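S.K.: Structure file query07.cif, mmCIF, C-alpha atoms and all ligand atoms, is pasted below:
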data_target
#
loop_
_atom_site.label_atom_id
_atom_site.label_comp_id
_atom_site.auth_asym_id
_atom_site.auth_seq_id
_atom_site.Cartn_x
_atom_site.Cartn_y
_atom_site.Cartn_z
CA MET S 1 19.38 14.66 -4.88
CA ASN S 2 17.36 14.98 -8.00
CA THR S 3 15.17 11.92 -7.43
CA TYR S 4 11.69 13.46 -7.45
CA GLY S 5 9.74 15.29 -10.14
CA ARG S 6 8.08 17.56 -7.60
CA PHE S 7 5.08 19.81 -8.06
CA PRO S 8 6.04 23.46 -7.60
CA ILE S 9 4.45 23.92 -4.18
CA SER S 10 5.56 23.36 -0.62
CA VAL S 11 2.96 21.83 1.69
CA VAL S 12 3.37 23.37 5.13
CA ARG S 13 0.29 22.44 7.15
CA GLY S 14 -2.52 19.91 7.23
CA GLU S 15 -5.77 19.37 9.07
CA GLY S 16 -8.15 16.53 8.33
CA VAL S 17 -8.56 16.21 4.56
CA ARG S 18 -7.11 19.68 3.89
CA VAL S 19 -3.54 20.89 3.45
CA TRP S 20 -2.12 24.38 2.87
CA ASP S 21 0.88 25.47 0.87
CA ALA S 22 3.46 28.09 1.82
CA ASP S 23 1.40 30.80 0.08
CA GLY S 24 -1.65 29.95 2.19
CA LYS S 25 -3.57 28.22 -0.63
CA GLU S 26 -5.87 25.45 0.59
CA TYR S 27 -6.17 22.05 -1.07
CA LEU S 28 -8.35 18.99 -0.61
CA ASP S 29 -5.82 16.21 -0.24
CA PHE S 30 -7.12 13.20 -2.17
CA ILE S 31 -3.66 11.60 -2.17
CA SER S 32 -3.04 11.32 1.60
CA GLY S 33 0.74 11.38 1.12
CA ILE S 34 0.30 8.39 -1.26
CA ALA S 35 -2.10 6.32 0.85
CA VAL S 36 -0.40 7.14 4.14
CA CYS S 37 -2.42 9.72 6.11
CA SER S 38 -5.52 7.54 6.29
CA LEU S 39 -6.85 9.25 9.41
CA GLY S 40 -6.27 12.65 7.82
CA HIS S 41 -3.72 15.27 8.81
CA ALA S 42 -2.98 16.25 12.42
CA ASP S 43 -5.46 13.74 13.85
CA SER S 44 -5.70 14.65 17.53
CA GLY S 45 -5.58 11.00 18.67
CA LEU S 46 -2.38 10.36 16.73
CA VAL S 47 -0.85 13.64 17.93
CA ASP S 48 -1.68 12.60 21.48
CA ALA S 49 -0.22 9.12 21.08
CA LEU S 50 2.99 10.57 19.65
CA TYR S 51 3.24 13.25 22.33
CA GLN S 52 2.64 10.79 25.19
CA GLN S 53 5.27 8.40 23.82
CA ALA S 54 7.71 11.25 23.14
CA GLN S 55 7.54 12.12 26.81
CA THR S 56 8.14 8.51 27.83
CA LEU S 57 10.71 6.86 25.54
CA TRP S 58 11.84 7.66 22.01
CA HIS S 59 14.19 4.84 21.23
CA CYS S 60 15.97 1.98 22.93
CA SER S 61 16.74 -0.45 20.02
CA ASN S 62 15.57 -4.00 19.55
CA LEU S 63 18.17 -5.20 22.05
CA TYR S 64 15.29 -4.85 24.54
CA TRP S 65 11.57 -5.55 24.58
CA ILE S 66 9.54 -2.56 23.43
CA GLN S 67 6.09 -2.51 25.00
CA PRO S 68 4.19 -0.61 22.26
CA GLN S 69 5.81 -2.91 19.68
CA VAL S 70 4.53 -6.04 21.45
CA GLU S 71 1.05 -4.51 21.68
CA LEU S 72 1.09 -3.62 18.00
CA ALA S 73 2.27 -7.11 17.01
CA GLU S 74 -0.60 -8.62 18.99
CA LYS S 75 -3.17 -6.33 17.37
CA LEU S 76 -1.91 -6.93 13.83
CA CYS S 77 -1.81 -10.70 14.36
CA ARG S 78 -5.33 -10.62 15.81
CA GLU S 79 -6.64 -8.64 12.82
CA SER S 80 -4.78 -10.60 10.13
CA GLY S 81 -5.11 -14.13 11.50
CA LEU S 82 -1.31 -14.45 11.22
CA ASP S 83 1.00 -15.29 14.12
CA LYS S 84 4.21 -13.26 14.16
CA ALA S 85 5.38 -9.76 13.25
CA PHE S 86 8.67 -8.17 12.27
CA PHE S 87 8.85 -4.37 12.16
CA ALA S 88 10.67 -2.25 9.59
CA ASN S 89 10.47 1.39 8.52
CA SER S 90 9.00 1.33 5.03
CA GLY S 91 7.22 -0.73 2.42
CA ALA S 92 10.37 -1.67 0.54
CA GLU S 93 11.93 -2.84 3.79
CA ALA S 94 8.87 -4.92 4.67
CA ASN S 95 9.06 -6.57 1.25
CA GLU S 96 12.81 -7.05 1.55
CA ALA S 97 12.18 -8.86 4.83
CA ALA S 98 9.48 -10.96 3.13
CA ILE S 99 11.90 -11.99 0.39
CA LYS S 100 14.57 -12.91 2.93
CA LEU S 101 12.05 -14.86 5.00
CA VAL S 102 10.94 -16.88 1.97
CA ARG S 103 14.54 -17.65 1.04
CA LYS S 104 15.45 -18.66 4.60
CA TYR S 105 12.31 -20.82 4.89
CA TRP S 106 13.25 -22.78 1.79
CA SER S 107 16.94 -22.95 2.60
CA LEU S 108 15.88 -24.94 5.68
CA ARG S 109 13.83 -27.26 3.46
CA ASP S 110 16.38 -28.33 0.87
CA LYS S 111 15.50 -25.62 -1.62
CA PRO S 112 18.20 -22.98 -1.20
CA GLY S 113 18.16 -20.18 -3.76
CA CYS S 114 14.45 -20.59 -4.41
CA GLU S 115 12.60 -18.60 -7.08
CA ILE S 116 9.79 -16.18 -6.34
CA ILE S 117 7.04 -15.62 -8.90
CA VAL S 118 6.13 -11.92 -9.15
CA PHE S 119 3.97 -9.97 -11.60
CA ARG S 120 4.32 -7.62 -14.51
CA ASN S 121 3.09 -4.13 -13.74
CA SER S 122 3.63 -4.67 -9.99
CA PHE S 123 5.38 -2.30 -7.60
CA HIS S 124 7.20 -3.44 -4.47
CA GLY S 125 9.67 -0.62 -3.69
CA ARG S 126 13.13 0.70 -4.51
CA THR S 127 15.65 -1.40 -2.60
CA LEU S 128 17.40 -3.81 -4.94
CA ALA S 129 15.40 -6.96 -4.20
CA ALA S 130 12.07 -5.08 -3.99
CA LEU S 131 12.99 -3.31 -7.22
CA THR S 132 13.72 -6.63 -8.91
CA ALA S 133 10.38 -7.99 -7.68
CA THR S 134 8.77 -4.94 -9.28
CA GLY S 135 7.56 -6.02 -12.71
CA GLN S 136 8.08 -2.72 -14.54
CA GLU S 137 11.25 -2.31 -16.56
CA LYS S 138 11.26 1.48 -16.30
CA TYR S 139 12.25 1.09 -12.64
CA HIS S 140 15.04 -1.37 -13.47
CA GLN S 141 16.85 0.76 -16.04
CA GLY S 142 20.29 1.83 -14.88
CA PHE S 143 20.30 -0.46 -11.85
CA THR S 144 21.48 -3.78 -13.22
CA PRO S 145 22.65 -6.30 -12.22
CA LEU S 146 19.36 -7.03 -10.48
CA VAL S 147 18.88 -9.63 -7.78
CA PRO S 148 18.55 -13.20 -9.08
CA GLY S 149 15.64 -15.47 -8.18
CA PHE S 150 12.59 -13.64 -9.58
CA VAL S 151 10.38 -14.62 -12.51
CA TYR S 152 7.48 -12.60 -13.90
CA ALA S 153 3.94 -13.71 -14.61
CA ASP S 154 0.94 -11.72 -15.85
CA PHE S 155 -1.39 -10.24 -13.24
CA ASN S 156 -4.89 -11.76 -13.28
CA ASP S 157 -3.64 -14.63 -15.47
CA LEU S 158 -3.39 -17.91 -13.54
CA GLU S 159 -2.14 -19.84 -16.54
CA SER S 160 0.92 -17.61 -16.81
CA VAL S 161 1.70 -18.46 -13.16
CA ARG S 162 1.24 -22.21 -13.66
CA GLU S 163 3.68 -22.12 -16.56
CA LEU S 164 6.43 -20.68 -14.35
CA ILE S 165 6.17 -23.15 -11.47
CA ASN S 166 9.08 -25.59 -11.27
CA ASP S 167 11.19 -27.42 -8.64
CA ARG S 168 12.89 -24.19 -7.59
CA THR S 169 9.72 -22.16 -7.01
CA GLY S 170 9.30 -21.12 -3.38
CA ALA S 171 6.65 -18.41 -3.30
CA ILE S 172 4.24 -16.21 -5.20
CA MET S 173 4.38 -12.53 -4.27
CA VAL S 174 1.51 -10.28 -5.32
CA GLU S 175 -0.40 -7.09 -4.56
CA PRO S 176 -4.11 -7.89 -4.06
CA MET S 177 -4.70 -4.59 -5.82
CA GLN S 178 -1.90 -3.16 -7.95
CA GLY S 179 -1.49 0.49 -6.98
CA GLU S 180 1.40 2.13 -8.82
CA GLY S 181 0.70 -0.17 -11.78
CA GLY S 182 -2.64 1.54 -12.45
CA VAL S 183 -5.16 0.57 -9.72
CA HIS S 184 -5.93 -2.98 -10.82
CA PRO S 185 -7.77 -5.17 -8.31
CA ALA S 186 -7.04 -8.89 -8.47
CA ALA S 187 -10.00 -10.84 -9.86
CA PRO S 188 -11.47 -13.06 -7.12
CA GLU S 189 -10.76 -16.24 -9.11
CA PHE S 190 -7.16 -15.08 -9.62
CA LEU S 191 -6.26 -14.47 -5.97
CA GLN S 192 -8.22 -17.50 -4.81
CA GLY S 193 -6.58 -19.48 -7.61
CA LEU S 194 -3.12 -18.39 -6.42
CA ARG S 195 -3.98 -19.61 -2.92
CA GLU S 196 -5.09 -22.97 -4.31
CA LEU S 197 -1.96 -23.23 -6.47
CA CYS S 198 0.22 -22.49 -3.43
CA ASP S 199 -1.64 -25.10 -1.37
CA ARG S 200 -1.37 -27.75 -4.05
CA GLN S 201 2.28 -27.06 -4.87
CA GLY S 202 3.43 -26.36 -1.30
CA LEU S 203 4.37 -22.73 -2.06
CA LEU S 204 4.14 -19.63 0.12
CA LEU S 205 1.68 -16.88 -0.76
CA VAL S 206 3.18 -13.46 0.02
CA LEU S 207 0.87 -10.45 -0.23
CA ASP S 208 2.15 -6.92 -0.59
CA GLU S 209 -0.52 -4.85 1.17
CA VAL S 210 1.72 -1.82 1.57
CA GLN S 211 -0.69 0.37 -0.39
CA CYS S 212 -3.99 -1.54 -0.34
CA GLY S 213 -3.86 -2.66 3.31
CA MET S 214 -4.88 -0.96 6.56
CA GLY S 215 -8.50 -0.24 5.75
CA ARG S 216 -7.89 1.33 2.35
CA THR S 217 -10.19 -1.04 0.44
CA GLY S 218 -12.91 -1.19 3.11
CA GLN S 219 -11.51 -4.25 4.90
CA MET S 220 -8.57 -4.06 7.29
CA PHE S 221 -6.61 -6.10 4.73
CA ALA S 222 -7.54 -6.30 1.04
CA TYR S 223 -7.23 -10.12 1.02
CA GLN S 224 -10.19 -10.26 3.41
CA HIS S 225 -12.44 -9.36 0.46
CA TYR S 226 -11.34 -12.61 -1.18
CA GLY S 227 -11.87 -15.05 1.67
CA ILE S 228 -8.28 -16.27 1.55
CA GLN S 229 -5.50 -16.40 4.11
CA PRO S 230 -1.92 -15.55 3.06
CA ASP S 231 1.27 -17.00 4.56
CA VAL S 232 3.07 -13.66 4.66
CA VAL S 233 1.85 -10.03 4.45
CA ALA S 234 3.88 -6.83 4.04
CA LEU S 235 2.45 -3.57 5.43
CA ALA S 236 3.63 0.05 5.64
CA LYS S 237 2.22 3.41 4.49
CA ALA S 238 -1.08 3.85 6.42
CA LEU S 239 0.14 1.57 9.22
CA GLY S 240 1.75 4.59 10.87
CA GLY S 241 -0.74 7.21 9.68
CA GLY S 242 2.23 9.31 8.54
CA PHE S 243 4.86 8.13 11.00
CA PRO S 244 7.31 5.84 9.15
CA ILE S 245 6.79 2.16 9.95
CA GLY S 246 6.59 -1.10 8.02
CA ALA S 247 5.64 -4.57 9.14
CA LEU S 248 5.93 -8.13 8.00
CA LEU S 249 3.34 -10.60 9.31
CA ALA S 250 3.65 -14.34 8.86
CA ARG S 251 2.25 -17.68 9.81
CA GLU S 252 4.22 -19.17 12.71
CA GLU S 253 5.77 -22.05 10.74
CA VAL S 254 7.09 -19.55 8.17
CA ALA S 255 8.14 -16.91 10.69
CA ASP S 256 10.11 -19.54 12.62
CA ALA S 257 12.60 -19.68 9.75
CA PHE S 258 14.13 -16.48 11.13
CA ILE S 259 16.34 -16.89 14.18
CA PRO S 260 18.24 -14.17 16.07
CA GLY S 261 20.80 -12.58 13.78
CA ASP S 262 18.97 -13.39 10.52
CA HIS S 263 17.32 -10.03 10.09
CA ALA S 264 17.22 -6.74 11.97
CA SER S 265 16.60 -3.02 11.86
CA THR S 266 17.90 -0.35 14.22
CA PHE S 267 14.73 1.74 13.99
CA GLY S 268 12.20 -0.98 13.11
CA GLY S 269 9.36 -1.06 15.62
CA ASN S 270 10.66 2.04 17.37
CA PRO S 271 8.52 3.15 20.37
CA LEU S 272 7.34 6.37 18.70
CA ALA S 273 6.28 4.62 15.48
CA CYS S 274 4.54 1.81 17.37
CA ALA S 275 2.72 4.16 19.74
CA VAL S 276 1.24 6.03 16.76
CA SER S 277 0.52 2.83 14.86
CA ASN S 278 -1.28 1.31 17.86
CA ARG S 279 -3.60 4.27 17.79
CA VAL S 280 -4.14 3.89 14.03
CA VAL S 281 -5.17 0.26 14.48
CA ASP S 282 -7.40 1.10 17.47
CA VAL S 283 -9.30 3.67 15.39
CA MET S 284 -9.65 1.36 12.41
CA VAL S 285 -11.17 -1.45 14.47
CA GLU S 286 -13.75 0.87 16.03
CA PRO S 287 -17.27 -0.12 14.97
CA GLY S 288 -18.34 1.72 11.85
CA PHE S 289 -14.89 2.78 10.65
CA LEU S 290 -14.54 0.26 7.82
CA GLN S 291 -18.25 0.59 7.02
CA HIS S 292 -17.63 4.29 6.43
CA VAL S 293 -14.79 3.45 4.02
CA ASN S 294 -17.11 1.11 2.10
CA ASP S 295 -19.99 3.59 2.03
CA ILE S 296 -17.96 6.64 1.11
CA GLY S 297 -15.93 4.59 -1.38
CA ASP S 298 -19.14 3.50 -3.12
CA TYR S 299 -20.34 7.10 -3.05
CA LEU S 300 -17.17 8.35 -4.74
CA LYS S 301 -17.05 5.47 -7.21
CA ASN S 302 -20.68 5.97 -8.26
CA HIS S 303 -20.04 9.65 -8.88
CA LEU S 304 -16.93 8.85 -10.88
CA LEU S 305 -18.93 6.32 -12.93
CA GLU S 306 -21.56 8.98 -13.54
CA LEU S 307 -18.90 11.43 -14.60
CA ALA S 308 -17.36 8.79 -16.88
CA ARG S 309 -20.70 8.17 -18.62
CA GLU S 310 -20.75 11.80 -19.72
CA ARG S 311 -17.31 11.62 -21.32
CA GLN S 312 -15.83 9.94 -24.37
CA ASP S 313 -12.28 9.80 -23.02
CA VAL S 314 -12.79 7.53 -19.99
CA VAL S 315 -11.78 3.91 -20.49
CA GLN S 316 -12.69 2.53 -17.05
CA VAL S 317 -13.40 3.40 -13.42
CA ARG S 318 -12.04 0.72 -11.07
CA GLY S 319 -10.89 -0.08 -7.54
CA MET S 320 -12.31 -0.88 -4.14
CA GLY S 321 -13.10 1.22 -1.09
CA LEU S 322 -11.09 4.44 -1.22
CA MET S 323 -8.45 3.17 -3.64
CA LEU S 324 -9.98 4.13 -6.96
CA GLY S 325 -8.66 4.86 -10.42
CA VAL S 326 -10.10 6.41 -13.57
CA GLU S 327 -8.34 5.38 -16.75
CA PHE S 328 -8.45 7.89 -19.60
CA THR S 329 -7.58 7.53 -23.26
CA ARG S 330 -4.80 10.11 -22.96
CA ASP S 331 -2.01 11.38 -20.73
CA ILE S 332 -3.51 12.82 -17.52
CA MET S 333 -0.65 14.94 -16.17
CA PRO S 334 -2.26 18.16 -17.52
CA LEU S 335 -5.47 17.17 -15.69
CA VAL S 336 -3.56 16.56 -12.44
CA GLU S 337 -2.14 20.08 -12.79
CA LEU S 338 -5.56 21.61 -13.51
CA CYS S 339 -6.95 19.88 -10.41
CA ARG S 340 -4.09 21.24 -8.33
CA HIS S 341 -4.78 24.76 -9.55
CA ARG S 342 -8.39 24.28 -8.47
CA GLY S 343 -7.32 23.11 -5.02
CA LEU S 344 -7.58 19.34 -5.43
CA LEU S 345 -4.54 17.10 -4.98
CA LEU S 346 -4.68 13.93 -7.05
CA ILE S 347 -2.02 11.57 -8.34
CA ALA S 348 -1.40 9.52 -11.45
CA ALA S 349 -0.93 5.74 -11.44
CA GLY S 350 0.85 5.34 -14.75
CA PRO S 351 0.41 7.88 -17.54
CA ARG S 352 -3.37 7.54 -18.03
CA VAL S 353 -4.86 6.59 -14.67
CA LEU S 354 -6.06 9.24 -12.25
CA ARG S 355 -5.80 7.81 -8.73
CA PHE S 356 -7.98 8.67 -5.74
CA LEU S 357 -6.57 7.94 -2.26
CA PRO S 358 -8.33 10.37 0.11
CA PRO S 359 -8.06 9.97 3.88
CA LEU S 360 -10.41 7.20 5.00
CA THR S 361 -12.12 9.73 7.26
CA VAL S 362 -13.24 11.88 4.32
CA SER S 363 -16.86 13.10 4.52
CA ARG S 364 -19.54 13.24 1.81
CA GLU S 365 -19.29 17.03 1.79
CA GLU S 366 -15.55 16.81 1.17
CA ILE S 367 -16.08 14.26 -1.60
CA ASP S 368 -18.72 16.56 -3.14
CA SER S 369 -16.35 19.49 -2.96
CA GLY S 370 -13.53 17.43 -4.50
CA LEU S 371 -15.81 16.25 -7.31
CA GLU S 372 -16.87 19.80 -8.02
CA ARG S 373 -13.24 20.86 -8.37
CA LEU S 374 -12.53 17.79 -10.52
CA SER S 375 -15.50 18.51 -12.74
CA LYS S 376 -14.33 22.07 -13.40
CA ALA S 377 -10.80 20.85 -14.10
CA LEU S 378 -12.20 18.26 -16.52
CA ASP S 379 -14.18 20.93 -18.37
CA GLU S 380 -11.06 23.04 -18.64
CA TRP S 381 -9.04 20.02 -19.82
CA THR S 382 -11.62 19.23 -22.48
CA VAL S 383 -11.53 22.78 -23.82
CA SER S 384 -7.74 23.13 -23.73
C1 LIG P 401 2.47 -1.98 -3.13
C2 LIG P 401 3.69 -1.24 -2.69
N1 LIG P 401 4.71 -1.91 -2.15
C3 LIG P 401 5.81 -1.28 -1.72
C4 LIG P 401 5.95 0.08 -1.82
C5 LIG P 401 7.18 0.76 -1.34
O1 LIG P 401 6.94 1.39 -0.14
P1 LIG P 401 8.00 2.48 0.44
O2 LIG P 401 7.99 3.63 -0.49
O3 LIG P 401 7.48 2.78 1.81
O4 LIG P 401 9.32 1.78 0.47
C6 LIG P 401 4.90 0.83 -2.37
C7 LIG P 401 5.02 2.29 -2.50
O5 LIG P 401 4.32 2.93 -3.24
C8 LIG P 401 3.74 0.16 -2.81
O6 LIG P 401 2.73 0.82 -3.36
#
Can I see the file as structure tokens?
M.R.:
Amino acid sequence: MNTYGRFPISVVRGEGVRVWDADGKEYLDFISGIAVCSLGHADSGLVDALYQQAQTLWHCSNLYWIQPQVELAEKLCRESGLDKAFFANSGAEANEAAIKLVRKYWSLRDKPGCEIIVFRNSFHGRTLAALTATGQEKYHQGFTPLVPGFVYADFNDLESVRELINDRTGAIMVEPMQGEGGVHPAAPEFLQGLRELCDRQGLLLVLDEVQCGMGRTGQMFAYQHYGIQPDVVALAKALGGGFPIGALLAREEVADAFIPGDHASTFGGNPLACAVSNRVVDVMVEPGFLQHVNDIGDYLKNHLLELARERQDVVQVRGMGLMLGVEFTRDIMPLVELCRHRGLLLIAAGPRVLRFLPPLTVSREEIDSGLERLSKALDEWTVS
């Protein structure tokens, strides 16, 4: 169906940070399938994990215990400090599960039909509840009636959250760094303030780390930059390195609200997805992996700041690790196209923010090469 405004190329092959189109043209992929292929394309370890599992067991359903799923749950709980995992197939599904878990938790505590505070400019996915949680009206248009039980505060504005809290409030759901909304990291005092508010008011803090999680910001989970612990976390995208998988992690007391029959997914936590995801996590916890993301992220950000200093049309360079955005004073789609012609794949986050999401394994040489292509595209954009 006509749901995507696609670029006029077909990507047919990938290796590391590079992809090739059907005409054989090579590109540096600084999008990673929208923050998914964090170990790059055709990583031999992931290929191996998938191949081994494909020869063993593809699918058996959640009627039975799935060994790679149990292993993955243990690893994610160990890394997050949370206690239980539920597996889905996408980010929207992970968020949908989070919303259901919050509602069930409060329905057991004399607050059925609780409200969830979400944020303007957020993005949580396209299923109806995730779409409603998404605080951008452009995504809502044509899809009313939306799901009841959501109210919208301003991101990085604690006062706007306080004003919305009432007897029906059950949770606050937030991205530690807004991705689709324009690459906006939460201010430390904001995210820490939300945690304190939740503690004081007895609310659940739900973090959507679908885009910013799994090493993207230089910590395994973005909230680890802030020294806080959430009650619930949604993951997807890079969790499977390109194989579809989503996960919901929760503190035990919260997770216990779900009992058999409350929530399910035929494919969620499928052996193939979990085998690949186990390998993703194993690589990301190897010594030096996250340090590389921090170092190379700083390297890219410093170069972008340098580039911005030379131009009049840059408003701000922002982000953490390898989730960076450059906001311009004008519409950047022509620049995205010029970059593509020069063999650099980039993506917009809103009309004026150029977003950088390269594989976390990207090297300095590849960053240099990408910046060179960007610089030429910028010159061309300025002249045109
Ligand atoms: C923060 C966030 N949450 C949820 C989603 C939805 O994920 P999916 O497209 O896998 O449903 C996205 C996708 O961009 C996202 O960035």
S.K.: Give me, as CSV, the closest atom pair and its distance (Å, one decimal) for every residue of chain S within a cut-off of 6 Å of ligand LIG 401 (chain P), counting only C-alpha atoms and all ligand atoms, rows sorted by chain and rising number.
M.R.:
residue,atom,partner,partner_atom,distance
S:Ser90,CA,P:LIG401,O3,3.8
S:Gly91,CA,P:LIG401,O1,3.3
S:Ala92,CA,P:LIG401,O4,3.6
S:Phe123,CA,P:LIG401,C2,5.3
S:His124,CA,P:LIG401,N1,3.7
S:Gly125,CA,P:LIG401,C5,3.7
S:Gly179,CA,P:LIG401,O6,5.6
S:Glu180,CA,P:LIG401,O6,5.8
S:Asp208,CA,P:LIG401,C1,5.6
S:Glu209,CA,P:LIG401,C1,6.0
S:Val210,CA,P:LIG401,C2,4.7
S:Gln211,CA,P:LIG401,O6,4.6
S:Lys237,CA,P:LIG401,O3,5.9
S.K.: Kindly indicate which residue among S:Val317, S:Val276, S:Leu158, S:Leu191 lies nearest to Gln52 (chain S), using all atoms listed in the file for the distances.
M.R.: S:Val276
S.K.: Here is a test: counting all atoms listed in the file, which residue of S:Phe356, S:Phe289, S:Phe87, S:Phe243 is nearest to Gly269 (chain S)?
M.R.: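 Among the listed residues, S:Phe87 lies closest to Gly269 (chain S).
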S.K.: Would you mind telling me which residue in S:Pro351, S:Gly343, S:Pro287, S:Pro68 lies nearest to Arg373 (chain S) when using all atoms listed in the file?
M.R.: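 Between S:Pro351, S:Gly343, S:Pro287, S:Pro68, the residue approaching Arg373 (chain S) most closely is S:Gly343.
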S.K.: Could you tell me which of S:Asp43, S:Glu159, S:Asp21, S:Asp262 comes closest to Val280 (chain S) if we count only C-alpha atoms?
M.R.: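 Among the listed residues, S:Asp43 lies closest to Val280 (chain S).
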S.K.: Find the residues around region 149-151 of chain S up to 12 Å (all atoms listed in the file counted), leave out those fewer than 3 positions away in its own chain, and share them as a ChimeraX atom specification.
M.R.: /S:99-100,102-103,112-120,128-135,146,154,160-166,168-173
S.K.: Report as a Markdown table the residues of region 242-336 of chain S within 10 Å of region 352-355 of chain S, each with its shortest atom pair and distance in Å (one decimal), using all atoms listed in the file, ordered by chain and increasing residue number.
M.R.:
| residue | atom | partner | partner_atom | distance |
| --- | --- | --- | --- | --- |
| S:Val314 | CA | S:Val353 | CA | 9.6 |
| S:Val315 | CA | S:Val353 | CA | 9.4 |
| S:Gln316 | CA | S:Val353 | CA | 9.1 |
| S:Val317 | CA | S:Val353 | CA | 9.2 |
| S:Arg318 | CA | S:Arg355 | CA | 9.7 |
| S:Gly319 | CA | S:Arg355 | CA | 9.5 |
| S:Leu322 | CA | S:Arg355 | CA | 9.8 |
| S:Met323 | CA | S:Arg355 | CA | 7.4 |
| S:Leu324 | CA | S:Arg355 | CA | 5.8 |
| S:Gly325 | CA | S:Arg355 | CA | 4.4 |
| S:Val326 | CA | S:Leu354 | CA | 5.1 |
| S:Glu327 | CA | S:Val353 | CA | 4.2 |
| S:Phe328 | CA | S:Arg352 | CA | 5.3 |
| S:Thr329 | CA | S:Arg352 | CA | 6.7 |
| S:Arg330 | CA | S:Arg352 | CA | 5.7 |
| S:Asp331 | CA | S:Arg352 | CA | 4.9 |
| S:Ile332 | CA | S:Arg352 | CA | 5.3 |
| S:Met333 | CA | S:Arg352 | CA | 8.1 |
| S:Leu335 | CA | S:Leu354 | CA | 8.7 |
| S:Val336 | CA | S:Leu354 | CA | 7.7 |
S.K.: Would you output that residue set with C-alpha atoms, as a compact mmCIF listing (two decimals), keeping the file's coordinate frame?
M.R.:
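Output file again_13.txt follows:
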# COMPACT_ATOMS: atom_id res chain seq x y z
CA VAL S 314 -12.79 7.53 -19.99
CA VAL S 315 -11.78 3.91 -20.49
CA GLN S 316 -12.69 2.53 -17.05
CA VAL S 317 -13.40 3.40 -13.42
CA ARG S 318 -12.04 0.72 -11.07
CA GLY S 319 -10.89 -0.08 -7.54
CA LEU S 322 -11.09 4.44 -1.22
CA MET S 323 -8.45 3.17 -3.64
CA LEU S 324 -9.98 4.13 -6.96
CA GLY S 325 -8.66 4.86 -10.42
CA VAL S 326 -10.10 6.41 -13.57
CA GLU S 327 -8.34 5.38 -16.75
CA PHE S 328 -8.45 7.89 -19.60
CA THR S 329 -7.58 7.53 -23.26
CA ARG S 330 -4.80 10.11 -22.96
CA ASP S 331 -2.01 11.38 -20.73
CA ILE S 332 -3.51 12.82 -17.52
CA MET S 333 -0.65 14.94 -16.17
CA LEU S 335 -5.47 17.17 -15.69
CA VAL S 336 -3.56 16.56 -12.44
S.K.: Take CA of Phe86 (chain S) and CA of Leu249 (chain S) and report the distance between them in Å, one decimal.
M.R.: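 Answer for the CA of Phe86 (chain S) to CA of Leu249 (chain S) separation: 6.6 Å.
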S.K.: If we count only C-alpha atoms and set the cut-off at 12 Å, which residues sit around Gln192 (chain S), ignoring sequence neighbours fewer than 5 positions away in its own chain? Please answer as an NGL selection string.
M.R.: :S and (156-158 or 176 or 186-187 or 197-199 or 205 or 223-230)
S.K.: Could you please determine the separation between CA of Leu357 (chain S) and CA of Ile34 (chain S) in Å, to one decimal place?
M.R.: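 Interatomic distance here is 7.0 Å.
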S.K.: Please indicate the distance in Å from CA of Gln136 (chain S) to CA of Cys212 (chain S), rounded to one decimal place.
M.R.: 18.7 Å
S.K.: Which residue gives the smallest distance to His292 (chain S) among S:Gly218, S:His341, S:Val233, S:Cys274, with only C-alpha atoms counted?
M.R.: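 Distance minimum relative to His292 (chain S) lands on S:Gly218.
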S.K.: Please provide the set of residues having any atom within 8 Å of Val293 (chain S), restricted to only C-alpha atoms, with same-chain residues fewer than 4 positions apart removed, written as a list in words.
M.R.: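 Skipping anything fewer than 4 positions along the chain leaves Gly215, Arg216, Thr217, Gly218, Phe289, Gly297, Gly321, Leu322, Leu360 and Thr361 of chain S.
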S.K.: Which of these residues is nearest to Leu46 (chain S), using all atoms listed in the file: S:Glu189, S:Glu337, S:Asp298, S:Asp282?
M.R.: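 Looking only at the distances to Leu46 (chain S), the closest residue turns out to be S:Asp282.
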S.K.: Would you list the residues near (-6.1, 11.7, 8.4), meaning any protein, DNA or RNA residue with an atom at most 7 Å from that point in file coordinates, counting all atoms listed in the file, as number ranges by chain?
M.R.: S: 16-17, 37-43, 359, 361
S.K.: Find the spatial neighbours of Leu82 (chain S), counting all atoms listed in the file, within a cut-off of 7 Å - ignore same-chain residues fewer than 4 positions away - and output them as a PyMOL selection string.
M.R.: chain S and resi 77+249-251
S.K.: Calculate, to one decimal in Å, the centre and edge lengths of the box along x, y and z of the file that holds all listed atoms of region 109-122 of chain S with 5 Å of margin on each side, and present them as lines of an AutoDock Vina configuration file.
M.R.:
center_x = 10.6
center_y = -16.2
center_z = -5.5
size_x = 25.1
size_y = 34.2
size_z = 28.0
S.K.: May I have the residues within 8 Å of Tyr105 (chain S) as a PyMOL selection string, using only C-alpha atoms and disregarding those fewer than 6 positions away in the same chain?
M.R.: chain S and resi 254+257-258
